[in-house]
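Trainee: One structure, as structure tokens, below. Some questions next.
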Amino acid sequence: ATNRTFTMIKPDAVQDGNTGNILADIEKAGFRIIALKKTRLTPERAGKFYEVHKERPFYNDLVTYMSSGSIVAAILEKDNAVAAFRELIGATNPAQAAEGTIRKKYAKSIEANAVHGSDSDENAQIEGDFYFPADEQF
Ligand code: CMP
């Protein structure tokens, strides 16, 4: 079924000038852009976005990193969007990401891993709504 996922291009990739390259890879893979914006998270909002990871040892560093620079947020649509997008971006740790994936090409480390991708349809909805009101989703 055609459905949606949510992504952020993270501060490392935006800083490196890879926003356009990553969006091009996403569109070439057949995703349609439903919503798109460049913005910056405060530490408080980054903490809220990643609240599910609050008890993890990497949480504080992740919040600091994700609020350290601009990000680009997007809602994407495709058949089986969540799984298809996770395949396109590759493993969380770029050292383990398959050849040709976005993280293999653009990520620096397990933290500065270029992009986020939702892990379920339910989280895709929650995460997309975190950034975009209904009248900004087309
Ligand atoms: P993301 O897919 O956005 O979800 C959680 C983020 O935490 C992850 O990508 C990485 O940026 C970051 N992170 C840092 N260390 C780890 C780790 N050991 N395991 C998983 N995620 C990590």
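Numbering starts fresh at 1 for the residues of each chain in the structure tokens, the chains themselves are lettered A, B, ... in the order given, and ligands are numbered from 1 as they appear.
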Set the cut-off to 9 Å, count only C-alpha atoms and all ligand atoms, and list whatever residues fall near ligand 1 as a ChimeraX atom specification.
Mentor: /A:7-8,10,50,53,56-59,61-63,65-66,91-93,109-119
Trainee: Keeping C-alpha atoms, export the residues of the selection given above as a PDB file, in the first residue's frame.
Mentor:
ATOM      1  CA  THR A   7      12.900  11.848   7.535  1.00  0.00           C
ATOM      2  CA  MET A   8      15.301  14.452   8.835  1.00  0.00           C
ATOM      3  CA  LYS A  10      20.746  15.767  10.125  1.00  0.00           C
ATOM      4  CA  TYR A  50      13.846  11.535  20.635  1.00  0.00           C
ATOM      5  CA  HIS A  53      15.498   7.032  23.608  1.00  0.00           C
ATOM      6  CA  ARG A  56      19.710   5.258  26.342  1.00  0.00           C
ATOM      7  CA  PRO A  57      23.345   6.156  27.090  1.00  0.00           C
ATOM      8  CA  PHE A  58      23.604   8.149  23.843  1.00  0.00           C
ATOM      9  CA  TYR A  59      20.535  10.342  24.520  1.00  0.00           C
ATOM     10  CA  ASP A  61      24.844  13.560  23.139  1.00  0.00           C
ATOM     11  CA  LEU A  62      22.140  12.952  20.531  1.00  0.00           C
ATOM     12  CA  VAL A  63      20.076  15.906  21.788  1.00  0.00           C
ATOM     13  CA  TYR A  65      24.100  17.042  18.290  1.00  0.00           C
ATOM     14  CA  MET A  66      20.602  17.340  16.809  1.00  0.00           C
ATOM     15  CA  ALA A  91      22.093   0.621   8.763  1.00  0.00           C
ATOM     16  CA  THR A  92      22.147   3.120  11.663  1.00  0.00           C
ATOM     17  CA  ASN A  93      25.915   2.670  11.895  1.00  0.00           C
ATOM     18  CA  SER A 109      29.453   8.106  12.512  1.00  0.00           C
ATOM     19  CA  ILE A 110      26.689   6.203  14.307  1.00  0.00           C
ATOM     20  CA  GLU A 111      25.531   9.533  15.788  1.00  0.00           C
ATOM     21  CA  ALA A 112      26.190  11.873  12.851  1.00  0.00           C
ATOM     22  CA  ASN A 113      24.538   9.401  10.484  1.00  0.00           C
ATOM     23  CA  ALA A 114      23.204  11.880   7.874  1.00  0.00           C
ATOM     24  CA  VAL A 115      19.501  11.001   8.046  1.00  0.00           C
ATOM     25  CA  HIS A 116      16.714   9.780  10.280  1.00  0.00           C
ATOM     26  CA  GLY A 117      14.004   7.412   9.068  1.00  0.00           C
ATOM     27  CA  SER A 118      10.840   6.408  10.944  1.00  0.00           C
ATOM     28  CA  ASP A 119      10.753   2.834  12.254  1.00  0.00           C
TER      29      ASP A 119
END
Trainee: Please list as a PyMOL selection string every residue within 8 Å of Ile22 in chain A, counting only C-alpha atoms and excluding residues in the same chain fewer than 3 positions away.
Mentor: chain A and resi 9+18-19+25-26+102
Trainee: Keeping only C-alpha atoms, take the residues you just selected and write them out as a PDB file, in the first residue's frame.
Mentor:
ATOM      1  CA  ILE A   9      18.522  15.336   7.066  1.00  0.00           C
ATOM      2  CA  ASN A  18      24.527  17.344   1.028  1.00  0.00           C
ATOM      3  CA  THR A  19      20.873  18.419   1.335  1.00  0.00           C
ATOM      4  CA  ASP A  25      18.629  10.231  -4.021  1.00  0.00           C
ATOM      5  CA  ILE A  26      15.245  10.156  -2.272  1.00  0.00           C
ATOM      6  CA  ILE A 102      22.554   7.231   1.860  1.00  0.00           C
TER       7      ILE A 102
END
Trainee: Within range 24-138 of chain A, find each residue whose DSSP state, derived from the backbone, is helix (DSSP H, G or I), and express the selection as an MDAnalysis selection string.
Mentor: chainID A and resid 24:28 43:49 51:53 59:66 81:89 94:96 102:106 121:131 134:136
Trainee: Quick one: residues within 10 Å of Leu23 in chain A, only C-alpha atoms counted, chain neighbours fewer than 6 positions away excluded, as a PDB file with N, CA and C atoms, in the first residue's frame?
Mentor:
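So part.pdb came out as:
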ATOM      1  N   ILE A   9      17.122  15.265   7.459  1.00  0.00           N
ATOM      2  CA  ILE A   9      18.522  15.336   7.066  1.00  0.00           C
ATOM      3  C   ILE A   9      19.213  16.025   8.245  1.00  0.00           C
ATOM      4  N   ALA A  29      14.740   7.401  -5.921  1.00  0.00           N
ATOM      5  CA  ALA A  29      14.262   6.107  -5.405  1.00  0.00           C
ATOM      6  C   ALA A  29      12.734   6.001  -5.456  1.00  0.00           C
ATOM      7  N   PHE A  31      10.376   8.183  -4.091  1.00  0.00           N
ATOM      8  CA  PHE A  31       9.571   8.808  -3.028  1.00  0.00           C
ATOM      9  C   PHE A  31       9.045  10.157  -3.508  1.00  0.00           C
ATOM     10  N   ILE A  33       7.699  13.875  -2.304  1.00  0.00           N
ATOM     11  CA  ILE A  33       7.825  14.768  -1.153  1.00  0.00           C
ATOM     12  C   ILE A  33       6.456  15.379  -0.842  1.00  0.00           C
ATOM     13  N   VAL A  72      16.856  19.381   7.896  1.00  0.00           N
ATOM     14  CA  VAL A  72      15.786  19.463   6.902  1.00  0.00           C
ATOM     15  C   VAL A  72      14.822  18.314   7.188  1.00  0.00           C
ATOM     16  N   ALA A  74      11.228  16.197   6.352  1.00  0.00           N
ATOM     17  CA  ALA A  74      10.351  15.904   5.215  1.00  0.00           C
ATOM     18  C   ALA A  74       9.439  14.720   5.499  1.00  0.00           C
TER      19      ALA A  74
END
Trainee: Per DSSP on the backbone, filter chain A down to the residues in strand (DSSP E or B) and report them as a VMD selection string.
Mentor: chain A and resid 2 to 9 32 to 40 70 to 79 115 to 117
Trainee: Rounded to one decimal in Å, what is the spacing between CA of Arg103 in chain A and CA of Asp12 in chain A?
Mentor: 11.5 Å
Trainee: Smallest atom-to-atom distance to Ala35 in chain A: which of A:Thr5, A:Asn60, A:Asn80, A:Ser67, using only C-alpha atoms?
Mentor: A:Thr5
Trainee: Hey, which of A:Thr42, A:Ile71, A:Val82, A:Gln96 ends up closest to Asn123 in chain A? Count only C-alpha atoms.
Mentor: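 Once distances to Asn123 in chain A are computed over only C-alpha atoms, the minimum belongs to A:Val82.
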Trainee: List the neighbours of Gln125 in chain A out to 9 Å using only C-alpha atoms; skip same-chain residues closer than 4 positions along the sequence, and give me the result as a list in words.
Mentor: Arg4, Thr5, Phe6, Ser118, Ser120, Asp121, Asp129 and Phe130 of chain A
Trainee: Rank nothing, just name the residue among A:Glu44, A:Glu27, A:Lys38, A:Gly69 nearest to Gln15 in chain A, using only C-alpha atoms.
Mentor: A:Gly69
Trainee: Pick from A:Gly30, A:Gly47, A:Gly128, A:Gly100: nearest to Ala81 in chain A, with only C-alpha atoms counted?
Mentor: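 Result for the nearest residue to Ala81 in chain A: A:Gly30.
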